[in-house]
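Dumped query_17.txt below, it's compact mmCIF, C-alpha atoms:
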```
# COMPACT_ATOMS: atom_id res chain seq x y z
CA MET A 21 84.50 30.93 81.44
CA TYR A 22 81.77 28.40 80.55
CA ARG A 23 84.37 25.88 79.38
CA GLY A 24 86.12 26.23 82.74
CA ILE A 25 82.91 25.50 84.63
CA VAL A 26 82.19 22.48 82.42
CA LEU A 27 85.69 21.12 82.93
CA CYS A 28 85.50 21.66 86.70
CA SER A 29 82.10 19.94 86.94
CA TRP A 30 83.34 16.82 85.13
CA LEU A 31 86.60 16.73 87.09
CA LEU A 32 84.65 17.09 90.34
CA GLY A 33 82.34 14.24 89.36
CA ILE A 34 85.23 11.95 88.44
CA ALA A 35 87.13 12.90 91.62
CA LEU A 36 84.08 12.18 93.78
CA ILE A 37 83.62 8.69 92.31
CA ALA A 38 87.37 7.97 92.47
CA TRP A 39 87.53 9.10 96.12
CA ARG A 40 84.46 7.13 97.13
CA THR A 41 85.70 3.93 95.46
CA GLU A 42 89.37 4.43 96.44
CA GLY A 43 90.33 4.57 92.77
CA LEU A 44 87.65 2.12 91.57
CA GLN A 45 89.01 -0.54 93.94
CA VAL A 46 86.18 -0.57 96.48
CA VAL A 47 82.46 -0.79 95.73
CA SER A 48 81.05 -2.23 98.96
CA THR A 49 81.06 -1.23 102.62
CA GLU A 50 82.78 -4.53 103.40
CA GLY A 51 85.51 -3.78 100.84
CA ALA A 52 86.04 -0.30 102.28
CA ARG A 53 86.34 -1.77 105.77
CA ARG A 54 88.95 -4.33 104.71
CA SER A 55 90.92 -1.66 102.96
CA ALA A 56 90.80 0.58 106.06
CA VAL A 57 91.96 -2.26 108.33
CA GLN A 58 94.75 -3.10 105.91
CA GLN A 59 95.97 0.49 106.01
CA SER A 60 95.84 0.84 109.78
CA PRO A 61 94.67 -1.68 112.40
CA LEU A 62 91.51 -0.74 114.32
CA ILE A 63 91.64 -0.49 118.10
CA LEU A 64 88.82 -2.53 119.64
CA SER A 65 87.00 -2.09 122.94
CA ASP A 66 87.87 -4.46 125.74
CA TRP A 67 84.99 -6.89 125.19
CA LEU A 68 83.92 -9.32 127.90
CA LEU A 69 83.61 -12.79 126.42
CA GLU A 70 82.33 -16.08 127.82
CA VAL A 71 84.86 -18.59 126.54
CA ASP A 72 83.74 -22.25 126.58
CA GLY A 73 81.38 -21.69 129.47
CA SER A 74 84.16 -20.49 131.71
CA GLN A 75 84.29 -17.16 133.50
CA GLU A 76 84.28 -13.99 131.45
CA ARG A 77 87.58 -13.16 129.80
CA GLN A 78 88.62 -9.77 128.55
CA LEU A 79 89.68 -9.30 124.95
CA SER A 80 92.77 -7.35 126.01
CA ALA A 81 94.05 -10.29 128.09
CA LEU A 82 93.21 -12.88 125.43
CA SER A 83 94.73 -10.97 122.55
CA ALA A 84 97.86 -10.00 124.47
CA GLU A 85 98.77 -13.66 124.90
CA HIS A 86 97.52 -14.98 121.57
CA THR A 87 96.76 -14.06 118.00
CA LEU A 88 92.99 -14.54 117.72
CA LEU A 89 91.31 -15.65 114.52
CA VAL A 90 87.62 -14.94 114.96
CA ASN A 91 84.67 -16.10 112.88
CA PHE A 92 80.92 -15.86 113.44
CA ILE A 93 78.51 -18.79 113.44
CA TYR A 94 75.19 -20.04 114.79
CA THR A 95 74.70 -23.71 115.43
CA ARG A 96 71.31 -24.02 113.67
CA CYS A 97 72.94 -22.78 110.45
CA PRO A 98 72.52 -25.51 107.85
CA THR A 99 75.02 -24.29 105.28
CA VAL A 100 77.71 -21.66 105.66
CA CYS A 101 78.54 -22.29 109.32
CA ARG A 102 78.86 -26.04 108.78
CA ALA A 103 81.32 -25.43 105.97
CA GLN A 104 83.17 -22.93 108.13
CA GLY A 105 83.28 -25.42 111.01
CA GLY A 106 85.00 -27.93 108.76
CA ARG A 107 87.45 -25.34 107.54
CA PHE A 108 88.14 -24.17 111.08
CA ALA A 109 88.94 -27.74 112.15
CA GLU A 110 91.26 -28.10 109.17
CA LEU A 111 92.97 -24.79 109.95
CA GLN A 112 93.35 -25.89 113.55
CA ARG A 113 95.08 -29.11 112.51
CA GLU A 114 97.43 -27.16 110.21
CA LEU A 115 98.32 -24.69 112.98
CA SER A 116 98.88 -27.53 115.47
CA ALA A 117 101.11 -29.31 112.98
CA ALA A 118 103.10 -26.08 112.58
CA GLY A 119 103.41 -25.78 116.36
CA ARG A 120 101.54 -22.46 116.48
CA THR A 121 100.09 -22.75 119.99
CA ASP A 122 100.02 -18.95 120.19
CA VAL A 123 97.18 -18.81 117.65
CA LYS A 124 93.66 -19.39 118.96
CA LEU A 125 90.56 -19.84 116.85
CA LEU A 126 87.40 -18.25 118.21
CA SER A 127 83.89 -18.97 116.97
CA VAL A 128 81.49 -16.34 118.26
CA THR A 129 77.79 -17.17 118.14
CA ILE A 130 75.49 -14.59 116.58
CA ASP A 131 72.49 -16.38 118.11
CA PRO A 132 73.28 -16.41 121.86
CA SER A 133 69.63 -16.87 122.84
CA ARG A 134 69.66 -20.36 121.31
CA ASP A 135 73.35 -21.27 121.38
CA SER A 136 74.18 -22.47 124.87
CA HIS A 137 77.74 -23.45 125.71
CA GLU A 138 76.70 -27.09 125.41
CA ARG A 139 75.38 -26.56 121.89
CA LEU A 140 78.50 -24.64 120.90
CA ALA A 141 80.74 -27.39 122.28
CA ALA A 142 78.66 -29.97 120.38
CA PHE A 143 79.19 -27.95 117.19
CA ARG A 144 82.94 -28.09 117.72
CA ASP A 145 82.85 -31.80 118.57
CA TYR A 146 80.84 -32.47 115.41
CA HIS A 147 83.72 -31.00 113.42
CA ARG A 148 86.26 -32.90 115.55
CA GLY A 149 87.75 -29.65 116.80
CA ASP A 150 90.10 -29.44 119.75
CA SER A 151 89.07 -27.23 122.66
CA ALA A 152 92.73 -26.48 123.40
CA ASN A 153 92.95 -23.89 120.66
CA TRP A 154 89.44 -23.59 119.22
CA TRP A 155 87.28 -21.70 121.64
CA MET A 156 83.52 -21.30 121.41
CA VAL A 157 82.50 -17.83 122.53
CA ARG A 158 79.35 -16.08 123.64
CA ALA A 159 79.17 -12.33 124.12
CA ARG A 160 78.17 -11.41 127.66
CA ASP A 161 74.88 -9.88 126.47
CA ASP A 162 73.15 -8.52 123.37
CA SER A 163 74.64 -5.05 123.67
CA GLN A 164 78.11 -6.58 123.89
CA LEU A 165 77.38 -8.66 120.78
CA ASP A 166 76.13 -5.57 118.94
CA ASN A 167 79.32 -3.82 119.96
CA ILE A 168 81.47 -6.67 118.64
CA LYS A 169 79.54 -6.78 115.35
CA ARG A 170 79.79 -3.02 114.94
CA GLU A 171 83.49 -2.80 115.70
CA LEU A 172 84.42 -5.71 113.44
CA GLY A 173 81.96 -4.62 110.74
CA VAL A 174 80.17 -7.97 110.84
CA ARG A 175 76.87 -7.99 108.96
CA VAL A 176 74.03 -10.14 110.19
CA ILE A 177 70.63 -10.00 108.48
CA ASP A 178 67.61 -12.32 108.54
CA ASP A 179 67.75 -14.77 105.67
CA SER A 180 63.93 -14.98 105.49
CA TRP A 181 64.15 -18.71 106.38
CA GLY A 182 64.33 -18.14 110.14
CA GLY A 183 68.12 -17.98 110.13
CA PHE A 184 70.77 -15.40 109.35
CA ALA A 185 72.95 -14.35 106.43
CA HIS A 186 76.22 -13.22 107.92
CA THR A 187 79.84 -12.34 107.24
CA GLU A 188 81.94 -15.43 106.63
CA ALA A 189 85.39 -13.84 106.86
CA LEU A 190 88.09 -14.46 109.46
CA HIS A 191 88.99 -11.53 111.70
CA ALA A 192 92.58 -11.47 112.95
CA ILE A 193 93.05 -9.72 116.31
CA GLN A 194 96.37 -8.98 118.01
CA ASP A 195 96.94 -6.85 121.10
CA GLY A 196 93.35 -5.60 121.15
CA ARG A 197 93.53 -4.48 117.55
CA LEU A 198 91.80 -5.80 114.43
CA VAL A 199 94.76 -6.31 112.09
CA ALA A 200 93.15 -8.07 109.11
CA ILE A 201 89.88 -9.34 107.65
CA ILE A 202 90.63 -12.43 105.59
CA ASP A 203 88.46 -14.41 103.19
CA TRP A 204 88.47 -18.18 103.35
CA ASP A 205 89.53 -18.38 99.73
CA SER A 206 92.59 -16.19 100.34
CA LEU A 207 93.98 -17.81 103.48
CA SER A 208 97.50 -17.16 102.21
CA GLN A 209 97.03 -13.65 103.65
CA LEU A 210 97.20 -15.29 107.07
CA GLU A 211 100.94 -15.74 106.66
CA SER A 212 101.50 -11.99 106.73
CA VAL A 213 99.51 -11.75 109.99
CA LEU A 214 101.05 -14.74 111.70
CA MET B 11 53.26 26.39 91.25
CA ILE B 12 51.22 24.25 93.63
CA SER B 13 52.25 21.14 91.74
CA VAL B 14 55.92 22.09 92.24
CA TRP B 15 55.39 22.14 95.98
CA LEU B 16 53.57 18.82 95.73
CA VAL B 17 56.58 17.31 93.98
CA ILE B 18 58.93 18.77 96.59
CA ALA B 19 56.67 17.39 99.33
CA ALA B 20 56.72 13.96 97.63
CA ILE B 21 60.52 14.06 97.78
CA ALA B 22 60.73 15.46 101.30
CA VAL B 23 58.34 12.87 102.75
CA GLN B 24 60.89 10.18 101.85
CA ALA B 25 63.24 11.62 104.45
CA PHE B 26 60.87 10.58 107.24
CA THR B 27 61.55 7.30 108.95
CA PRO B 28 58.47 5.18 108.07
CA VAL B 29 58.60 6.04 104.36
CA ALA B 30 62.41 5.82 104.25
CA LYS B 31 62.35 2.44 106.02
CA LEU B 32 59.70 1.15 103.62
CA PHE B 33 61.79 1.97 100.55
CA GLU B 34 65.01 0.78 102.20
CA SER B 35 63.46 -2.50 103.36
CA SER B 36 64.26 -4.22 100.09
CA MET B 37 66.90 -3.75 97.43
CA ILE B 38 64.29 -3.85 94.66
CA LEU B 39 62.26 -1.07 96.30
CA HIS B 40 65.38 0.96 97.05
CA MET B 41 67.16 0.71 93.68
CA LEU B 42 64.40 0.05 91.21
CA VAL B 43 61.50 1.98 92.71
CA GLN B 44 62.78 4.79 94.93
CA LEU B 45 65.75 5.93 92.85
CA PRO B 46 63.77 6.07 89.55
CA LEU B 47 60.86 7.71 91.40
CA LEU B 48 63.17 10.44 92.74
CA PHE B 49 64.67 10.84 89.27
CA PHE B 50 61.25 11.27 87.64
CA LEU B 51 60.13 13.65 90.40
CA GLY B 52 63.23 15.71 89.50
CA MET B 53 62.20 15.66 85.85
CA ALA B 54 58.76 16.89 86.89
CA LEU B 55 60.37 19.68 88.92
CA ALA B 56 62.30 20.82 85.85
CA LYS B 57 59.00 21.87 84.27
CA ALA B 58 58.89 24.76 86.74
CA ARG B 59 60.61 27.72 85.18
CA PHE B 60 62.27 28.85 88.41
CA VAL B 61 63.86 25.41 88.84
CA SER B 62 65.27 25.10 85.33
CA SER B 63 66.41 28.72 85.44
CA LEU B 64 68.93 27.65 88.12
CA PHE B 65 70.87 26.16 85.22
CA ARG B 66 70.62 29.23 82.98
CA PHE B 67 74.41 29.46 83.08
CA ASP B 68 74.75 25.96 81.57
CA LEU B 69 74.52 27.09 77.96
CA ASN B 70 75.14 23.76 76.25
CA GLY B 71 74.02 21.42 79.03
CA PHE B 72 77.45 19.96 79.71
CA VAL B 73 77.41 20.78 83.44
CA CYS B 74 74.00 19.12 83.74
CA ALA B 75 75.35 16.10 81.89
CA ALA B 76 78.18 15.90 84.45
CA ILE B 77 75.65 16.02 87.31
CA VAL B 78 73.52 13.26 85.77
CA SER B 79 76.48 11.00 85.00
CA THR B 80 78.02 11.43 88.45
CA ALA B 81 74.75 10.93 90.33
CA ILE B 82 73.84 7.77 88.39
CA VAL B 83 77.25 6.17 88.94
CA TYR B 84 77.31 7.25 92.59
CA TRP B 85 73.92 5.79 93.51
CA MET B 86 74.51 2.53 91.69
CA LEU B 87 77.42 1.68 94.02
CA PRO B 88 76.56 -0.73 96.86
CA ILE B 89 78.66 1.25 99.33
CA ASN B 90 76.45 4.30 98.79
CA LEU B 91 73.20 2.33 99.10
CA ASP B 92 74.49 1.13 102.48
CA ALA B 93 75.45 4.68 103.43
CA ALA B 94 71.96 5.95 102.54
CA ILE B 95 70.52 3.44 105.01
CA GLU B 96 73.10 4.01 107.75
CA SER B 97 73.50 7.77 107.77
CA ASN B 98 71.00 10.58 107.65
CA PHE B 99 73.53 12.70 105.79
CA HIS B 100 73.65 10.22 102.92
CA ARG B 101 69.87 9.71 103.00
CA VAL B 102 69.33 13.44 102.54
CA LEU B 103 72.12 13.58 99.95
CA LYS B 104 70.22 10.93 97.97
CA LEU B 105 66.97 12.91 98.21
CA ILE B 106 68.72 16.01 96.87
CA THR B 107 71.09 14.64 94.23
CA VAL B 108 68.82 12.08 92.54
CA PRO B 109 65.99 14.59 91.90
CA LEU B 110 68.68 17.11 90.94
CA SER B 111 69.93 14.71 88.29
CA GLY B 112 66.33 14.41 87.03
CA VAL B 113 66.19 18.21 86.73
CA ALA B 114 69.63 18.19 85.10
CA ILE B 115 68.75 15.63 82.42
CA SER B 116 65.62 17.57 81.49
CA VAL B 117 67.64 20.76 81.14
CA ALA B 118 70.58 19.11 79.39
CA TRP B 119 68.45 17.25 76.88
CA GLY B 120 67.20 20.41 75.25
CA ARG B 121 70.64 21.99 75.08
CA LEU B 122 73.19 19.26 74.42
CA PRO B 123 74.44 18.80 70.86
CA TRP B 124 72.82 15.66 69.40
CA LEU B 125 76.06 13.66 69.56
CA PHE B 126 76.38 14.25 73.31
CA ARG B 127 72.73 13.34 73.85
CA GLY B 128 73.62 10.02 72.29
CA VAL B 129 76.65 9.66 74.56
CA LEU B 130 74.56 10.47 77.64
CA ALA B 131 71.86 7.99 76.63
CA LEU B 132 74.51 5.35 75.97
CA GLU B 133 76.11 6.03 79.34
CA LEU B 134 72.73 5.70 81.03
CA TRP B 135 71.83 2.26 79.72
CA ALA B 136 75.43 1.03 79.80
CA MET B 137 75.54 1.94 83.50
CA PHE B 138 72.46 -0.20 84.16
CA LEU B 139 74.03 -3.12 82.33
CA ARG B 140 77.42 -2.69 84.05
CA THR B 141 75.89 -2.51 87.52
CA GLY B 142 73.49 -5.37 86.73
CA TRP B 143 76.41 -7.49 85.59
CA LEU B 144 78.35 -6.60 88.77
CA TYR B 145 75.43 -7.75 90.94
CA ILE B 146 74.97 -10.95 88.93
CA VAL B 147 78.59 -12.12 88.89
CA ALA B 148 79.57 -11.01 92.43
CA ASP B 149 80.07 -14.14 94.51
CA GLU B 150 79.57 -12.25 97.75
CA GLN B 151 76.90 -10.09 99.31
CA LEU B 152 77.74 -6.54 98.19
CA CYS B 153 75.13 -4.53 100.11
CA SER B 154 75.30 -4.99 103.86
CA TYR B 155 71.53 -4.98 104.28
CA TYR B 156 70.33 -7.04 101.34
CA LEU B 157 70.63 -10.77 100.74
CA GLN B 158 72.75 -12.10 97.93
CA SER B 159 69.69 -13.76 96.39
CA GLU B 160 67.96 -10.37 96.08
CA GLN B 161 71.17 -8.81 94.80
CA TYR B 162 71.23 -11.43 92.01
CA LEU B 163 67.60 -10.70 91.13
CA VAL B 164 68.26 -6.93 91.11
CA GLY B 165 71.24 -7.59 88.81
CA TRP B 166 68.99 -9.23 86.23
CA LEU B 167 66.30 -6.56 86.62
CA LEU B 168 68.93 -3.82 86.10
CA CYS B 169 70.07 -5.56 82.93
CA LEU B 170 66.44 -5.72 81.76
CA VAL B 171 66.01 -2.00 82.52
CA GLY B 172 69.26 -1.25 80.64
CA LEU B 173 68.09 -3.24 77.62
CA GLY B 174 64.66 -1.59 77.86
CA VAL B 175 66.22 1.89 77.86
CA ALA B 176 68.50 0.92 74.96
CA GLY B 177 65.54 -0.52 73.04
CA GLY B 178 63.51 2.59 73.79
CA PHE B 179 66.24 4.82 72.39
CA ALA B 180 66.60 2.59 69.33
CA LEU B 181 62.85 2.84 68.65
CA TRP B 182 63.01 6.58 69.20
CA LEU B 183 65.85 6.90 66.69
CA ILE B 184 63.96 4.86 64.13
CA PHE B 185 60.41 6.14 64.58
CA GLY B 186 60.92 9.53 66.24
CA ASN B 187 59.97 10.70 69.70
CA PRO B 188 56.39 9.68 70.49
CA MET B 189 56.24 12.33 73.24
CA SER B 190 57.18 15.95 73.13
CA GLN B 191 60.68 16.84 74.28
CA PRO B 192 60.95 17.29 78.04
CA GLN B 193 62.56 20.70 77.73
CA ALA B 194 62.47 22.45 74.40
CA GLN B 195 64.42 25.63 74.56
```
Would you write out, as structure tokens, the structure that this file holds?
Amino acid sequence: MYRGIVLCSWLLGIALIAWRTEGLQVVSTEGARRSAVQQSPLILSDWLLEVDGSQERQLSALSAEHTLLVNFIYTRCPTVCRAQGGRFAELQRELSAAGRTDVKLLSVTIDPSRDSHERLAAFRDYHRGDSANWWMVRARDDSQLDNIKRELGVRVIDDSWGGFAHTEALHAIQDGRLVAIIDWDSLSQLESVL
Amino acid sequence: MISVWLVIAAIAVQAFTPVAKLFESSMILHMLVQLPLLFFLGMALAKARFVSSLFRFDLNGFVCAAIVSTAIVYWMLPINLDAAIESNFHRVLKLITVPLSGVAISVAWGRLPWLFRGVLALELWAMFLRTGWLYIVADEQLCSYYLQSEQYLVGWLLCLVGLGVAGGFALWLIFGNPMSQPQAQ
């Protein structure tokens, strides 16, 4: 009897850890999210987005016509966003060369109070991006931005230097669904999405 | 008996928002202050006879050892630290299971065969070193609410704690236990 209880307690403990880490594959919330998206795409709300200072566009309309690759930036960012801007411009050139006009790159600002459309456009120009298929986006308001961050699982925290530490990954959206979260150092995963 | 209720109150107060937010505001406070504090409060609870008698059935302490091992691994994982911040269910789960593991180690220590005490002690400090190493070598932010720079610092501190525990056990093996056993039965 006692041996049975001991065995059960250890098996339960091991099962709990194995379940929580998806078989020791996932240790972070971000990892769990990527794994969940990989298994089944997440349906997103129909966000209202200000694209390049134009009128508000709905996510459903944008993502029905195009595959959207979304990243998050803020123009004051001295490090990560600048590197991402360069990579985005490079990715844009590669997609243009491959004739993929159906793919649009979206940079969403996480600091809409400071990032006007002019500043966002200047950010893109700095990286010699092309407004034809790299769109700078502001959420309509803070609650909309919170909604976008929550649904995509984007983490934004103060970096204690007056800026933000935030998710660097690319979020692939098709037909109003988040279909993949891709790291910059594993861009080969893009092929399976595109 | 009053002191037992004081200990329970000290645990329960951590469920309330201001105290919870204080501990959760930094990774160092969360992992290296609150979790050990809850663990030691659990060990203090084990001194009450009615608490340790809950494990009367655990003749050789192996069930308690399973509880301790599971709880330590569980609360070292970044995904569960995030969950404890995001969900009240996980916050309460932390306030129950970490003190419970403190109770369990006190009970198990007096009952486990000496070899298994060694295994449990080894598992304890090895877990600190493993998790510390994970936090040091990870090239990304693992906890959603804590900066990578703090994660790196916590990694080193966990390794120091692991080495400290290992050194403590080594000294104990060589020179004997300077304190009385937590639970002599």
Quick one: of A:Leu88, A:Leu165, A:Val213, A:Leu32, who's nearest to chain B, counting only C-alpha atoms?
A:Leu32
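With atom CA of Met137 of chain B on one side and atom CA of Ser62 of chain B on the other, the separation reads 25.4 Å.
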Quick one: everything within 9 Å of Tyr22 of chain A, counting all atoms listed in the file, minus sequence neighbours fewer than 2 positions away in the same chain. Send it as a list in words.
Gly24, Ile25, Val26 and Leu27 of chain A; Phe67, Asp68 and Leu69 of chain B
Kindly provide, as number ranges by chain, the residues of chain A having any atom no farther than 10 Å from an atom of chain B, counting all atoms listed in the file.
A: 22-23, 25-37, 40-41, 46-52, 173-180, 184-188
Just to confirm, what's the straight-line distance from atom CA of Gly165 of chain B to atom CA of Gly43 of chain A in Å (one decimal)?
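Rounded to one decimal, the two atoms are 23.0 Å apart.
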Close residues, Ala25 of chain B itself excluded, 10 Å, all atoms listed in the file, min 6 positions apart in chain, as a list in words
Lys31, Asn98, Arg101, Val102, Lys104 and Leu105 of chain B
Please write the residues from the selection above to a file, keeping C-alpha atoms, as a compact mmCIF listing (two decimals), in the frame of the given file.
```
# COMPACT_ATOMS: atom_id res chain seq x y z
CA LYS B 31 62.35 2.44 106.02
CA ASN B 98 71.00 10.58 107.65
CA ARG B 101 69.87 9.71 103.00
CA VAL B 102 69.33 13.44 102.54
CA LYS B 104 70.22 10.93 97.97
CA LEU B 105 66.97 12.91 98.21
```
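In this structure, atom CA of Gly178 of chain B sits 14.7 Å away from atom CA of Leu139 of chain B.
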Protein, DNA and RNA residues within 12 Å of (93.5, -9.0, 116.1), all atoms listed in the file, as a PyMOL selection string:
chain A and resi 57-58+60-65+79-80+82-91+123-126+171-172+190-202+210+213-214
Residue nearest Val129 of chain B - candidates B:Leu168, B:Ile95, B:Leu110, B:Ala176, atoms counted: all atoms listed in the file:
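Once distances to Val129 of chain B are computed over all atoms listed in the file, the minimum belongs to B:Ala176.
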Applying 10 Å and all atoms listed in the file, which residues near Ala136 of chain B remain after dropping the ones on its own chain fewer than 2 positions away? List them as a ChimeraX atom specification.
/B:130-134,138-142,169,172-173,175-176
Could those selected residues go to a file with C-alpha atoms, as a compact mmCIF listing (two decimals), in the frame of the given file?
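This went into again.txt:
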```
# COMPACT_ATOMS: atom_id res chain seq x y z
CA LEU B 130 74.56 10.47 77.64
CA ALA B 131 71.86 7.99 76.63
CA LEU B 132 74.51 5.35 75.97
CA GLU B 133 76.11 6.03 79.34
CA LEU B 134 72.73 5.70 81.03
CA PHE B 138 72.46 -0.20 84.16
CA LEU B 139 74.03 -3.12 82.33
CA ARG B 140 77.42 -2.69 84.05
CA THR B 141 75.89 -2.51 87.52
CA GLY B 142 73.49 -5.37 86.73
CA CYS B 169 70.07 -5.56 82.93
CA GLY B 172 69.26 -1.25 80.64
CA LEU B 173 68.09 -3.24 77.62
CA VAL B 175 66.22 1.89 77.86
CA ALA B 176 68.50 0.92 74.96
```
Give one line per residue of segment 137-164 of chain A that approaches segment 104-116 of chain A to at most 8 Å, naming the two atoms of the closest pair and their distance in Å to one decimal, counting all atoms listed in the file; sort by chain then ascending residue number and deliver it as JSON lines.
```
{"residue": "A:Phe143", "atom": "CA", "partner": "A:Gly105", "partner_atom": "CA", "distance": 7.8}
{"residue": "A:Arg144", "atom": "CA", "partner": "A:Gly105", "partner_atom": "CA", "distance": 7.2}
{"residue": "A:His147", "atom": "CA", "partner": "A:Gly106", "partner_atom": "CA", "distance": 5.7}
{"residue": "A:Arg148", "atom": "CA", "partner": "A:Ala109", "partner_atom": "CA", "distance": 6.7}
{"residue": "A:Gly149", "atom": "CA", "partner": "A:Ala109", "partner_atom": "CA", "distance": 5.2}
{"residue": "A:Asp150", "atom": "CA", "partner": "A:Gln112", "partner_atom": "CA", "distance": 7.8}
{"residue": "A:Asn153", "atom": "CA", "partner": "A:Gln112", "partner_atom": "CA", "distance": 7.4}
{"residue": "A:Trp154", "atom": "CA", "partner": "A:Gln112", "partner_atom": "CA", "distance": 7.3}
```
Dump as a list in words all residues having an atom at most 6 Å from (78.4, -16.2, 112.7), computed in the file's coordinates with only C-alpha atoms.
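It turns out the residues near that spot are Phe92, Ile93, Tyr94, Thr129 and Ile130 of chain A.
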Counting all atoms listed in the file, figure out which residue out of B:Ala30, B:Met53, B:Leu167, B:Val23 gets nearest to Ala94 of chain B.
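Between B:Ala30, B:Met53, B:Leu167, B:Val23, the residue approaching Ala94 of chain B most closely is B:Ala30.
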